[in-house]
$ cat start.txt   # compact mmCIF, N, CA and C atoms
# COMPACT_ATOMS: atom_id res chain seq x y z
N MET A 1 -88.13 55.67 131.38
CA MET A 1 -88.33 57.01 130.88
C MET A 1 -88.20 57.97 132.05
N ILE A 2 -87.69 59.13 131.77
CA ILE A 2 -87.61 60.17 132.77
C ILE A 2 -88.68 61.20 132.44
N GLY A 3 -89.59 61.41 133.36
CA GLY A 3 -90.63 62.41 133.19
C GLY A 3 -91.91 61.81 132.65
N ALA A 4 -93.01 62.42 133.07
CA ALA A 4 -94.32 61.94 132.66
C ALA A 4 -95.09 63.04 131.91
N GLY A 5 -94.36 63.82 131.12
CA GLY A 5 -95.00 64.80 130.26
C GLY A 5 -95.58 64.10 129.05
N LEU A 6 -96.25 64.88 128.21
CA LEU A 6 -96.90 64.28 127.05
C LEU A 6 -95.92 63.56 126.13
N GLY A 7 -94.78 64.18 125.86
CA GLY A 7 -93.80 63.55 124.97
C GLY A 7 -93.24 62.27 125.55
N ALA A 8 -92.87 62.30 126.82
CA ALA A 8 -92.31 61.09 127.45
C ALA A 8 -93.34 59.98 127.53
N MET A 9 -94.58 60.32 127.84
CA MET A 9 -95.62 59.30 127.92
C MET A 9 -95.91 58.71 126.55
N ALA A 10 -95.88 59.54 125.51
CA ALA A 10 -96.07 59.03 124.15
C ALA A 10 -94.93 58.10 123.78
N ALA A 11 -93.70 58.48 124.11
CA ALA A 11 -92.55 57.62 123.82
C ALA A 11 -92.65 56.31 124.59
N ALA A 12 -93.06 56.38 125.85
CA ALA A 12 -93.22 55.17 126.66
C ALA A 12 -94.26 54.24 126.06
N ALA A 13 -95.38 54.79 125.61
CA ALA A 13 -96.42 53.97 125.00
C ALA A 13 -95.92 53.29 123.74
N ARG A 14 -95.18 54.02 122.92
CA ARG A 14 -94.67 53.44 121.67
C ARG A 14 -93.61 52.37 121.95
N LEU A 15 -92.76 52.61 122.94
CA LEU A 15 -91.76 51.60 123.32
C LEU A 15 -92.43 50.34 123.86
N ALA A 16 -93.46 50.51 124.67
CA ALA A 16 -94.17 49.36 125.23
C ALA A 16 -94.83 48.53 124.13
N VAL A 17 -95.45 49.20 123.17
CA VAL A 17 -96.08 48.49 122.05
C VAL A 17 -95.03 47.73 121.23
N ALA A 18 -93.81 48.27 121.18
CA ALA A 18 -92.74 47.62 120.44
C ALA A 18 -92.11 46.47 121.23
N GLY A 19 -92.61 46.21 122.44
CA GLY A 19 -92.16 45.06 123.21
C GLY A 19 -91.15 45.36 124.31
N HIS A 20 -90.84 46.60 124.54
CA HIS A 20 -89.88 46.97 125.59
C HIS A 20 -90.59 47.11 126.93
N ARG A 21 -89.87 46.78 128.01
CA ARG A 21 -90.37 47.07 129.36
C ARG A 21 -90.08 48.54 129.64
N VAL A 22 -91.07 49.24 130.11
CA VAL A 22 -90.92 50.68 130.33
C VAL A 22 -91.30 51.02 131.77
N THR A 23 -90.47 51.82 132.40
CA THR A 23 -90.78 52.39 133.71
C THR A 23 -90.69 53.90 133.56
N VAL A 24 -91.69 54.60 134.06
CA VAL A 24 -91.72 56.05 133.97
C VAL A 24 -91.46 56.63 135.36
N TYR A 25 -90.52 57.55 135.45
CA TYR A 25 -90.20 58.24 136.69
C TYR A 25 -90.57 59.70 136.54
N GLU A 26 -91.32 60.21 137.51
CA GLU A 26 -91.74 61.61 137.48
C GLU A 26 -91.42 62.25 138.82
N ARG A 27 -90.79 63.42 138.79
CA ARG A 27 -90.39 64.08 140.03
C ARG A 27 -91.52 64.84 140.72
N THR A 28 -92.55 65.22 139.95
CA THR A 28 -93.64 65.97 140.57
C THR A 28 -94.73 65.00 141.03
N GLY A 29 -95.78 65.53 141.62
CA GLY A 29 -96.85 64.70 142.17
C GLY A 29 -97.82 64.15 141.16
N THR A 30 -97.70 64.54 139.89
CA THR A 30 -98.65 64.06 138.90
C THR A 30 -98.00 64.04 137.51
N TYR A 31 -98.67 63.44 136.58
CA TYR A 31 -98.21 63.37 135.20
C TYR A 31 -98.70 64.61 134.45
N GLY A 32 -98.22 64.80 133.24
CA GLY A 32 -98.70 65.88 132.41
C GLY A 32 -97.64 66.86 131.98
N GLY A 33 -96.50 66.88 132.69
CA GLY A 33 -95.42 67.79 132.31
C GLY A 33 -95.88 69.23 132.26
N GLY A 34 -95.72 69.86 131.12
CA GLY A 34 -96.05 71.26 130.96
C GLY A 34 -97.54 71.56 130.89
N VAL A 35 -98.37 70.52 130.84
CA VAL A 35 -99.80 70.74 130.78
C VAL A 35 -100.32 70.87 132.21
N ARG A 36 -100.27 72.07 132.69
CA ARG A 36 -100.74 72.37 134.05
C ARG A 36 -101.10 73.84 134.13
N ALA A 37 -101.33 74.32 135.32
CA ALA A 37 -101.68 75.72 135.51
C ALA A 37 -100.67 76.37 136.44
N TYR A 38 -100.43 77.64 136.22
CA TYR A 38 -99.52 78.43 137.05
C TYR A 38 -100.31 79.62 137.56
N GLU A 39 -100.25 79.88 138.86
CA GLU A 39 -100.97 81.01 139.44
C GLU A 39 -100.01 81.99 140.09
N ARG A 40 -100.29 83.27 139.85
CA ARG A 40 -99.45 84.31 140.44
C ARG A 40 -100.24 85.61 140.50
N ASP A 41 -100.17 86.27 141.62
CA ASP A 41 -100.79 87.59 141.80
C ASP A 41 -102.27 87.61 141.39
N GLY A 42 -102.98 86.53 141.68
CA GLY A 42 -104.39 86.48 141.37
C GLY A 42 -104.73 86.11 139.94
N PHE A 43 -103.72 85.83 139.12
CA PHE A 43 -103.93 85.42 137.73
C PHE A 43 -103.62 83.94 137.58
N ARG A 44 -104.34 83.28 136.72
CA ARG A 44 -104.11 81.86 136.45
C ARG A 44 -103.75 81.71 134.97
N PHE A 45 -102.67 80.98 134.73
CA PHE A 45 -102.20 80.76 133.36
C PHE A 45 -102.19 79.27 133.08
N ASP A 46 -102.85 78.84 132.01
CA ASP A 46 -102.74 77.46 131.56
C ASP A 46 -101.47 77.37 130.76
N THR A 47 -100.55 76.49 131.18
CA THR A 47 -99.23 76.46 130.56
C THR A 47 -99.11 75.45 129.44
N GLY A 48 -100.12 74.63 129.22
CA GLY A 48 -99.95 73.58 128.23
C GLY A 48 -100.85 73.57 127.03
N PRO A 49 -101.89 74.40 126.96
CA PRO A 49 -102.81 74.26 125.83
C PRO A 49 -102.15 74.37 124.46
N GLY A 50 -101.02 75.04 124.36
CA GLY A 50 -100.33 75.10 123.07
C GLY A 50 -99.93 73.73 122.56
N LEU A 51 -99.83 72.77 123.46
CA LEU A 51 -99.49 71.41 123.07
C LEU A 51 -100.69 70.65 122.51
N LEU A 52 -101.86 71.17 122.72
CA LEU A 52 -103.06 70.42 122.39
C LEU A 52 -103.71 70.86 121.09
N HIS A 53 -103.09 71.73 120.33
CA HIS A 53 -103.69 72.27 119.11
C HIS A 53 -103.53 71.36 117.90
N LEU A 54 -102.88 70.23 118.08
CA LEU A 54 -102.60 69.36 116.94
C LEU A 54 -103.22 67.97 117.16
N PRO A 55 -104.53 67.86 117.02
CA PRO A 55 -105.16 66.56 117.29
C PRO A 55 -104.64 65.44 116.40
N ALA A 56 -104.12 65.75 115.23
CA ALA A 56 -103.60 64.70 114.35
C ALA A 56 -102.43 63.96 115.00
N VAL A 57 -101.65 64.67 115.80
CA VAL A 57 -100.53 64.03 116.51
C VAL A 57 -101.07 62.99 117.48
N TYR A 58 -102.14 63.31 118.17
CA TYR A 58 -102.72 62.38 119.14
C TYR A 58 -103.47 61.25 118.44
N ARG A 59 -104.10 61.54 117.31
CA ARG A 59 -104.75 60.46 116.53
C ARG A 59 -103.70 59.44 116.11
N ASP A 60 -102.56 59.92 115.64
CA ASP A 60 -101.47 59.05 115.22
C ASP A 60 -100.97 58.20 116.39
N LEU A 61 -100.79 58.82 117.55
CA LEU A 61 -100.34 58.08 118.73
C LEU A 61 -101.32 56.96 119.08
N PHE A 62 -102.61 57.26 119.07
CA PHE A 62 -103.61 56.25 119.40
C PHE A 62 -103.57 55.10 118.40
N VAL A 63 -103.46 55.43 117.12
CA VAL A 63 -103.41 54.39 116.09
C VAL A 63 -102.16 53.52 116.26
N LYS A 64 -101.02 54.14 116.48
CA LYS A 64 -99.75 53.40 116.53
C LYS A 64 -99.53 52.65 117.83
N THR A 65 -100.34 52.94 118.84
CA THR A 65 -100.21 52.19 120.09
C THR A 65 -101.33 51.16 120.23
N GLY A 66 -102.12 50.97 119.18
CA GLY A 66 -103.11 49.91 119.16
C GLY A 66 -104.36 50.17 119.97
N ARG A 67 -104.58 51.39 120.32
CA ARG A 67 -105.77 51.73 121.09
C ARG A 67 -106.91 52.08 120.16
N ARG A 68 -108.06 52.29 120.77
CA ARG A 68 -109.21 52.74 119.98
C ARG A 68 -108.91 54.11 119.40
N PRO A 69 -109.69 54.52 118.40
CA PRO A 69 -109.50 55.86 117.84
C PRO A 69 -109.64 56.93 118.93
N LEU A 70 -108.89 57.99 118.79
CA LEU A 70 -108.87 59.08 119.76
C LEU A 70 -110.28 59.55 120.10
N GLU A 71 -111.10 59.75 119.08
CA GLU A 71 -112.45 60.30 119.29
C GLU A 71 -113.34 59.37 120.10
N GLU A 72 -113.01 58.07 120.19
CA GLU A 72 -113.77 57.15 121.04
C GLU A 72 -113.36 57.27 122.50
N CYS A 73 -112.20 57.84 122.76
CA CYS A 73 -111.68 57.93 124.12
C CYS A 73 -111.76 59.32 124.72
N VAL A 74 -111.74 60.33 123.86
CA VAL A 74 -111.68 61.71 124.32
C VAL A 74 -112.65 62.55 123.48
N GLU A 75 -113.39 63.40 124.15
CA GLU A 75 -114.24 64.33 123.41
C GLU A 75 -113.40 65.54 123.01
N LEU A 76 -113.30 65.79 121.72
CA LEU A 76 -112.55 66.94 121.22
C LEU A 76 -113.53 68.09 120.99
N VAL A 77 -113.20 69.24 121.55
CA VAL A 77 -114.05 70.42 121.41
C VAL A 77 -113.19 71.55 120.87
N ARG A 78 -113.56 72.08 119.73
CA ARG A 78 -112.83 73.21 119.15
C ARG A 78 -113.20 74.47 119.93
N LEU A 79 -112.20 75.15 120.40
CA LEU A 79 -112.42 76.39 121.13
C LEU A 79 -112.23 77.58 120.21
N ASP A 80 -113.08 78.56 120.37
CA ASP A 80 -112.94 79.77 119.58
C ASP A 80 -113.33 80.95 120.46
N PRO A 81 -112.41 81.81 120.78
CA PRO A 81 -111.06 81.86 120.24
C PRO A 81 -110.17 80.77 120.83
N ALA A 82 -109.11 80.46 120.10
CA ALA A 82 -108.16 79.46 120.55
C ALA A 82 -107.30 80.00 121.68
N VAL A 83 -106.99 81.29 121.61
CA VAL A 83 -106.14 81.92 122.63
C VAL A 83 -106.41 83.42 122.65
N ARG A 84 -106.22 84.01 123.82
CA ARG A 84 -106.37 85.47 123.95
C ARG A 84 -105.11 85.98 124.64
N HIS A 85 -104.46 86.93 124.02
CA HIS A 85 -103.26 87.55 124.58
C HIS A 85 -103.62 88.95 125.07
N VAL A 86 -103.18 89.28 126.27
CA VAL A 86 -103.38 90.62 126.82
C VAL A 86 -101.99 91.15 127.18
N PHE A 87 -101.63 92.28 126.59
CA PHE A 87 -100.31 92.85 126.79
C PHE A 87 -100.32 93.86 127.93
N ALA A 88 -99.13 94.21 128.41
CA ALA A 88 -98.98 95.10 129.56
C ALA A 88 -99.68 96.45 129.35
N ASP A 89 -99.73 96.91 128.12
CA ASP A 89 -100.38 98.21 127.86
C ASP A 89 -101.90 98.11 127.73
N GLY A 90 -102.45 96.91 127.93
CA GLY A 90 -103.89 96.70 127.83
C GLY A 90 -104.37 96.24 126.48
N THR A 91 -103.50 96.28 125.48
CA THR A 91 -103.87 95.78 124.16
C THR A 91 -104.20 94.29 124.27
N ALA A 92 -105.27 93.87 123.64
CA ALA A 92 -105.68 92.46 123.67
C ALA A 92 -105.94 91.98 122.25
N VAL A 93 -105.65 90.73 122.02
CA VAL A 93 -105.94 90.12 120.73
C VAL A 93 -106.39 88.68 120.97
N SER A 94 -107.51 88.33 120.36
CA SER A 94 -108.04 86.97 120.42
C SER A 94 -107.79 86.32 119.07
N LEU A 95 -107.17 85.15 119.10
CA LEU A 95 -106.85 84.45 117.85
C LEU A 95 -107.84 83.31 117.65
N PRO A 96 -108.42 83.23 116.45
CA PRO A 96 -109.42 82.20 116.18
C PRO A 96 -108.79 80.82 116.05
N SER A 97 -109.63 79.84 116.16
CA SER A 97 -109.19 78.45 116.06
C SER A 97 -109.25 77.99 114.60
N GLY A 98 -108.13 77.47 114.11
CA GLY A 98 -108.11 76.84 112.81
C GLY A 98 -108.22 77.75 111.61
N SER A 99 -107.89 79.00 111.75
CA SER A 99 -108.00 79.91 110.62
C SER A 99 -106.75 80.78 110.55
N ARG A 100 -105.86 80.46 109.62
CA ARG A 100 -104.65 81.27 109.44
C ARG A 100 -105.03 82.68 109.03
N ALA A 101 -105.96 82.81 108.10
CA ALA A 101 -106.37 84.14 107.64
C ALA A 101 -107.01 84.92 108.79
N GLY A 102 -107.80 84.25 109.61
CA GLY A 102 -108.41 84.90 110.75
C GLY A 102 -107.39 85.36 111.77
N THR A 103 -106.35 84.55 111.98
CA THR A 103 -105.27 84.92 112.90
C THR A 103 -104.54 86.15 112.39
N LEU A 104 -104.20 86.17 111.10
CA LEU A 104 -103.50 87.31 110.52
C LEU A 104 -104.35 88.58 110.63
N ALA A 105 -105.64 88.46 110.36
CA ALA A 105 -106.52 89.62 110.43
C ALA A 105 -106.64 90.12 111.87
N ALA A 106 -106.74 89.21 112.85
CA ALA A 106 -106.85 89.61 114.25
C ALA A 106 -105.58 90.32 114.71
N LEU A 107 -104.43 89.80 114.31
CA LEU A 107 -103.16 90.44 114.69
C LEU A 107 -103.03 91.82 114.06
N ASP A 108 -103.40 91.93 112.78
CA ASP A 108 -103.35 93.22 112.10
C ASP A 108 -104.28 94.23 112.77
N ALA A 109 -105.49 93.79 113.13
CA ALA A 109 -106.47 94.69 113.75
C ALA A 109 -105.99 95.17 115.12
N ALA A 110 -105.37 94.30 115.88
CA ALA A 110 -104.97 94.66 117.25
C ALA A 110 -103.62 95.37 117.30
N LEU A 111 -102.70 94.98 116.41
CA LEU A 111 -101.32 95.46 116.52
C LEU A 111 -100.85 96.30 115.34
N GLY A 112 -101.70 96.47 114.34
CA GLY A 112 -101.34 97.29 113.19
C GLY A 112 -101.09 96.47 111.95
N ALA A 113 -101.28 97.10 110.81
CA ALA A 113 -101.11 96.44 109.52
C ALA A 113 -99.74 95.80 109.41
N GLY A 114 -99.72 94.56 108.93
CA GLY A 114 -98.46 93.83 108.76
C GLY A 114 -98.06 92.99 109.95
N ALA A 115 -98.73 93.16 111.09
CA ALA A 115 -98.36 92.39 112.28
C ALA A 115 -98.55 90.90 112.06
N GLY A 116 -99.61 90.54 111.34
CA GLY A 116 -99.86 89.12 111.07
C GLY A 116 -98.75 88.49 110.25
N GLU A 117 -98.30 89.18 109.23
CA GLU A 117 -97.22 88.64 108.40
C GLU A 117 -95.91 88.57 109.17
N ARG A 118 -95.66 89.57 110.03
CA ARG A 118 -94.45 89.53 110.87
C ARG A 118 -94.50 88.35 111.83
N TRP A 119 -95.68 88.05 112.35
CA TRP A 119 -95.88 86.89 113.23
C TRP A 119 -95.57 85.60 112.46
N THR A 120 -96.11 85.51 111.25
CA THR A 120 -95.86 84.33 110.41
C THR A 120 -94.37 84.17 110.13
N ASP A 121 -93.69 85.28 109.83
CA ASP A 121 -92.25 85.23 109.56
C ASP A 121 -91.48 84.77 110.79
N MET A 122 -91.88 85.25 111.97
CA MET A 122 -91.22 84.87 113.21
C MET A 122 -91.40 83.38 113.47
N LEU A 123 -92.60 82.85 113.26
CA LEU A 123 -92.84 81.43 113.46
C LEU A 123 -92.03 80.58 112.49
N ALA A 124 -91.88 81.06 111.27
CA ALA A 124 -91.13 80.32 110.26
C ALA A 124 -89.65 80.23 110.62
N ARG A 125 -89.14 81.29 111.29
CA ARG A 125 -87.74 81.29 111.70
C ARG A 125 -87.53 80.26 112.77
$ encode --input "start.txt" --output "structure tokens"
Amino acid sequence: MIGAGLGAMAAAARLAVAGHRVTVYERTGTYGGGVRAYERDGFRFDTGPGLLHLPAVYRDLFVKTGRRPLEECVELVRLDPAVRHVFADGTAVSLPSGSRAGTLAALDAALGAGAGERWTDMLAR
């Protein structure tokens, strides 16, 4: 496998369980791929949390690779808000965890009526 990001590591685990010999090559000093932090001008950005919003994907991986259930290996903690966006003009919006209606309402409140539906339409595209 090339790369030690979440997708490549999941593929490697599934290939290994299927009986294949797997070698993982990573060019950086650690595994994790896009799940890391980026710092610039005194600000720190977590670049990977968007990958972690779907625990069902990880539950499936644990089940299909013959490991213990995910919850026995990792403590899952729901964060609320799930994410906070701050725009150049100072406008900020915090999006709740696990609530589509809450997300739409937060977007509408911060960016104007209809912003939530426009966001939904953009994601659907």
$ residues_around --input "start.txt" --residues "Thr103 of chain A" --least-positions-apart "6" --cutoff "8 Å" --atoms "only N, CA and C atoms" --output "list of chain:residue names"
A:Ser94, A:Leu95, A:Pro96, A:Ser97, A:Ala109, A:Ala115, A:Gly116, A:Glu117
$ select_by_dssp --input "start.txt" --residues "chain A" --states "strand (DSSP E)" --output "ChimeraX atom specification"
/A:37-40,43-46,83-86,92-95
$ atom_distance --input "start.txt" --atom1 "atom C of Glu26 of chain A" --atom2 "atom CA of Pro55 of chain A"
25.9 Å
$ residues_near_point --input "start.txt" --point "(-100.0, 74.2, 130.5)" --cutoff "7 Å" --atoms "only N, CA and C atoms" --output "mmCIF file with N, CA and C atoms, in the frame of the given file"
data_model
loop_
_atom_site.group_PDB
_atom_site.id
_atom_site.type_symbol
_atom_site.label_atom_id
_atom_site.label_comp_id
_atom_site.auth_asym_id
_atom_site.auth_seq_id
_atom_site.Cartn_x
_atom_site.Cartn_y
_atom_site.Cartn_z
ATOM 1 N N GLY A 33 -96.500 66.880 132.690
ATOM 2 C CA GLY A 33 -95.420 67.790 132.310
ATOM 3 C C GLY A 33 -95.880 69.230 132.260
ATOM 4 N N GLY A 34 -95.720 69.860 131.120
ATOM 5 C CA GLY A 34 -96.050 71.260 130.960
ATOM 6 C C GLY A 34 -97.540 71.560 130.890
ATOM 7 N N VAL A 35 -98.370 70.520 130.840
ATOM 8 C CA VAL A 35 -99.800 70.740 130.780
ATOM 9 C C VAL A 35 -100.320 70.870 132.210
ATOM 10 N N ARG A 36 -100.270 72.070 132.690
ATOM 11 C CA ARG A 36 -100.740 72.370 134.050
ATOM 12 C C ARG A 36 -101.100 73.840 134.130
ATOM 13 N N ALA A 37 -101.330 74.320 135.320
ATOM 14 C CA ALA A 37 -101.680 75.720 135.510
ATOM 15 C C ALA A 37 -100.670 76.370 136.440
ATOM 16 N N TYR A 38 -100.430 77.640 136.220
ATOM 17 C CA TYR A 38 -99.520 78.430 137.050
ATOM 18 C C TYR A 38 -100.310 79.620 137.560
ATOM 19 N N PHE A 45 -102.670 80.980 134.730
ATOM 20 C CA PHE A 45 -102.200 80.760 133.360
ATOM 21 C C PHE A 45 -102.190 79.270 133.080
ATOM 22 N N ASP A 46 -102.850 78.840 132.010
ATOM 23 C CA ASP A 46 -102.740 77.460 131.560
ATOM 24 C C ASP A 46 -101.470 77.370 130.760
ATOM 25 N N THR A 47 -100.550 76.490 131.180
ATOM 26 C CA THR A 47 -99.230 76.460 130.560
ATOM 27 C C THR A 47 -99.110 75.450 129.440
ATOM 28 N N GLY A 48 -100.120 74.630 129.220
ATOM 29 C CA GLY A 48 -99.950 73.580 128.230
ATOM 30 C C GLY A 48 -100.850 73.570 127.030
ATOM 31 N N PRO A 49 -101.890 74.400 126.960
ATOM 32 C CA PRO A 49 -102.810 74.260 125.830
ATOM 33 C C PRO A 49 -102.150 74.370 124.460
ATOM 34 N N GLY A 50 -101.020 75.040 124.360
ATOM 35 C CA GLY A 50 -100.330 75.100 123.070
ATOM 36 C C GLY A 50 -99.930 73.730 122.560
#
$ select_by_dssp --input "start.txt" --residues "segment 28-80 of chain A" --states "alpha helix (DSSP H)" --output "list in words"
Pro55, Ala56, Val57, Tyr58, Arg59, Asp60, Leu61, Phe62, Val63, Lys64, Leu70, Glu71, Glu72 and Cys73 of chain A
$ residues_around --input "start.txt" --residues "segment 65-78 of chain A" --least-positions-apart "2" --cutoff "8 Å" --atoms "only C-alpha atoms" --output "number ranges by chain"
A: 13-14, 17, 58-59, 61-63, 80, 82, 97
$ atom_distance --input "start.txt" --atom1 "atom C of Leu111 of chain A" --atom2 "atom CA of Thr91 of chain A"
9.3 Å
$ residues_around --input "start.txt" --residues "Gly32 of chain A" --least-positions-apart "6" --cutoff "5 Å" --atoms "all atoms listed in the file" --output "list in words"
Ala4, Gly5 and Leu6 of chain A
$ atom_distance --input "start.txt" --atom1 "atom C of Leu79 of chain A" --atom2 "atom N of Ala110 of chain A"
18.6 Å
$ closest_residue --input "start.txt" --among "A:Met122, A:Ala56, A:Ala88, A:Val24" --to "Ala12 of chain A" --atoms "only N, CA and C atoms"
A:Val24
$ closest_residue --input "start.txt" --among "A:Gly3, A:Ala101, A:Arg118, A:Arg125" --to "Thr28 of chain A" --atoms "only N, CA and C atoms"
A:Gly3
$ build_atoms --input "start.txt" --residues "segment 99-116 of chain A" --atoms "N, CA, C and O atoms" --output "PDB file, keeping the file's coordinate frame"
ATOM      1  N   SER A  99    -107.890  79.000 111.750  1.00  0.00           N
ATOM      2  CA  SER A  99    -108.000  79.910 110.620  1.00  0.00           C
ATOM      3  C   SER A  99    -106.750  80.780 110.550  1.00  0.00           C
ATOM      4  O   SER A  99    -106.607  81.735 111.306  1.00  0.00           O
ATOM      5  N   ARG A 100    -105.860  80.460 109.620  1.00  0.00           N
ATOM      6  CA  ARG A 100    -104.650  81.270 109.440  1.00  0.00           C
ATOM      7  C   ARG A 100    -105.030  82.680 109.030  1.00  0.00           C
ATOM      8  O   ARG A 100    -104.500  83.663 109.569  1.00  0.00           O
ATOM      9  N   ALA A 101    -105.960  82.810 108.100  1.00  0.00           N
ATOM     10  CA  ALA A 101    -106.370  84.140 107.640  1.00  0.00           C
ATOM     11  C   ALA A 101    -107.010  84.920 108.790  1.00  0.00           C
ATOM     12  O   ALA A 101    -106.763  86.123 108.945  1.00  0.00           O
ATOM     13  N   GLY A 102    -107.800  84.250 109.610  1.00  0.00           N
ATOM     14  CA  GLY A 102    -108.410  84.900 110.750  1.00  0.00           C
ATOM     15  C   GLY A 102    -107.390  85.360 111.770  1.00  0.00           C
ATOM     16  O   GLY A 102    -107.509  86.431 112.369  1.00  0.00           O
ATOM     17  N   THR A 103    -106.350  84.550 111.980  1.00  0.00           N
ATOM     18  CA  THR A 103    -105.270  84.920 112.900  1.00  0.00           C
ATOM     19  C   THR A 103    -104.540  86.150 112.390  1.00  0.00           C
ATOM     20  O   THR A 103    -104.282  87.091 113.143  1.00  0.00           O
ATOM     21  N   LEU A 104    -104.200  86.170 111.100  1.00  0.00           N
ATOM     22  CA  LEU A 104    -103.500  87.310 110.520  1.00  0.00           C
ATOM     23  C   LEU A 104    -104.350  88.580 110.630  1.00  0.00           C
ATOM     24  O   LEU A 104    -103.835  89.642 111.004  1.00  0.00           O
ATOM     25  N   ALA A 105    -105.640  88.460 110.360  1.00  0.00           N
ATOM     26  CA  ALA A 105    -106.520  89.620 110.430  1.00  0.00           C
ATOM     27  C   ALA A 105    -106.640  90.120 111.870  1.00  0.00           C
ATOM     28  O   ALA A 105    -106.633  91.336 112.107  1.00  0.00           O
ATOM     29  N   ALA A 106    -106.740  89.210 112.850  1.00  0.00           N
ATOM     30  CA  ALA A 106    -106.850  89.610 114.250  1.00  0.00           C
ATOM     31  C   ALA A 106    -105.580  90.320 114.710  1.00  0.00           C
ATOM     32  O   ALA A 106    -105.648  91.327 115.428  1.00  0.00           O
ATOM     33  N   LEU A 107    -104.430  89.800 114.310  1.00  0.00           N
ATOM     34  CA  LEU A 107    -103.160  90.440 114.690  1.00  0.00           C
ATOM     35  C   LEU A 107    -103.030  91.820 114.060  1.00  0.00           C
ATOM     36  O   LEU A 107    -102.621  92.777 114.714  1.00  0.00           O
ATOM     37  N   ASP A 108    -103.400  91.930 112.780  1.00  0.00           N
ATOM     38  CA  ASP A 108    -103.350  93.220 112.100  1.00  0.00           C
ATOM     39  C   ASP A 108    -104.280  94.230 112.770  1.00  0.00           C
ATOM     40  O   ASP A 108    -103.919  95.389 112.980  1.00  0.00           O
ATOM     41  N   ALA A 109    -105.490  93.790 113.130  1.00  0.00           N
ATOM     42  CA  ALA A 109    -106.470  94.690 113.750  1.00  0.00           C
ATOM     43  C   ALA A 109    -105.990  95.170 115.120  1.00  0.00           C
ATOM     44  O   ALA A 109    -106.174  96.340 115.462  1.00  0.00           O
ATOM     45  N   ALA A 110    -105.370  94.300 115.880  1.00  0.00           N
ATOM     46  CA  ALA A 110    -104.970  94.660 117.250  1.00  0.00           C
ATOM     47  C   ALA A 110    -103.620  95.370 117.300  1.00  0.00           C
ATOM     48  O   ALA A 110    -103.429  96.263 118.117  1.00  0.00           O
ATOM     49  N   LEU A 111    -102.700  94.980 116.410  1.00  0.00           N
ATOM     50  CA  LEU A 111    -101.320  95.460 116.520  1.00  0.00           C
ATOM     51  C   LEU A 111    -100.850  96.300 115.340  1.00  0.00           C
ATOM     52  O   LEU A 111     -99.708  96.752 115.323  1.00  0.00           O
ATOM     53  N   GLY A 112    -101.700  96.470 114.340  1.00  0.00           N
ATOM     54  CA  GLY A 112    -101.340  97.290 113.190  1.00  0.00           C
ATOM     55  C   GLY A 112    -101.090  96.470 111.950  1.00  0.00           C
ATOM     56  O   GLY A 112    -100.743  95.285 112.011  1.00  0.00           O
ATOM     57  N   ALA A 113    -101.280  97.100 110.810  1.00  0.00           N
ATOM     58  CA  ALA A 113    -101.110  96.440 109.520  1.00  0.00           C
ATOM     59  C   ALA A 113     -99.740  95.800 109.410  1.00  0.00           C
ATOM     60  O   ALA A 113     -98.728  96.397 109.781  1.00  0.00           O
ATOM     61  N   GLY A 114     -99.720  94.560 108.930  1.00  0.00           N
ATOM     62  CA  GLY A 114     -98.460  93.830 108.760  1.00  0.00           C
ATOM     63  C   GLY A 114     -98.060  92.990 109.950  1.00  0.00           C
ATOM     64  O   GLY A 114     -97.138  92.172 109.847  1.00  0.00           O
ATOM     65  N   ALA A 115     -98.730  93.160 111.090  1.00  0.00           N
ATOM     66  CA  ALA A 115     -98.360  92.390 112.280  1.00  0.00           C
ATOM     67  C   ALA A 115     -98.550  90.900 112.060  1.00  0.00           C
ATOM     68  O   ALA A 115     -97.744  90.082 112.513  1.00  0.00           O
ATOM     69  N   GLY A 116     -99.610  90.540 111.340  1.00  0.00           N
ATOM     70  CA  GLY A 116     -99.860  89.120 111.070  1.00  0.00           C
ATOM     71  C   GLY A 116     -98.750  88.490 110.250  1.00  0.00           C
ATOM     72  O   GLY A 116     -98.305  87.386 110.551  1.00  0.00           O
TER      73      GLY A 116
END
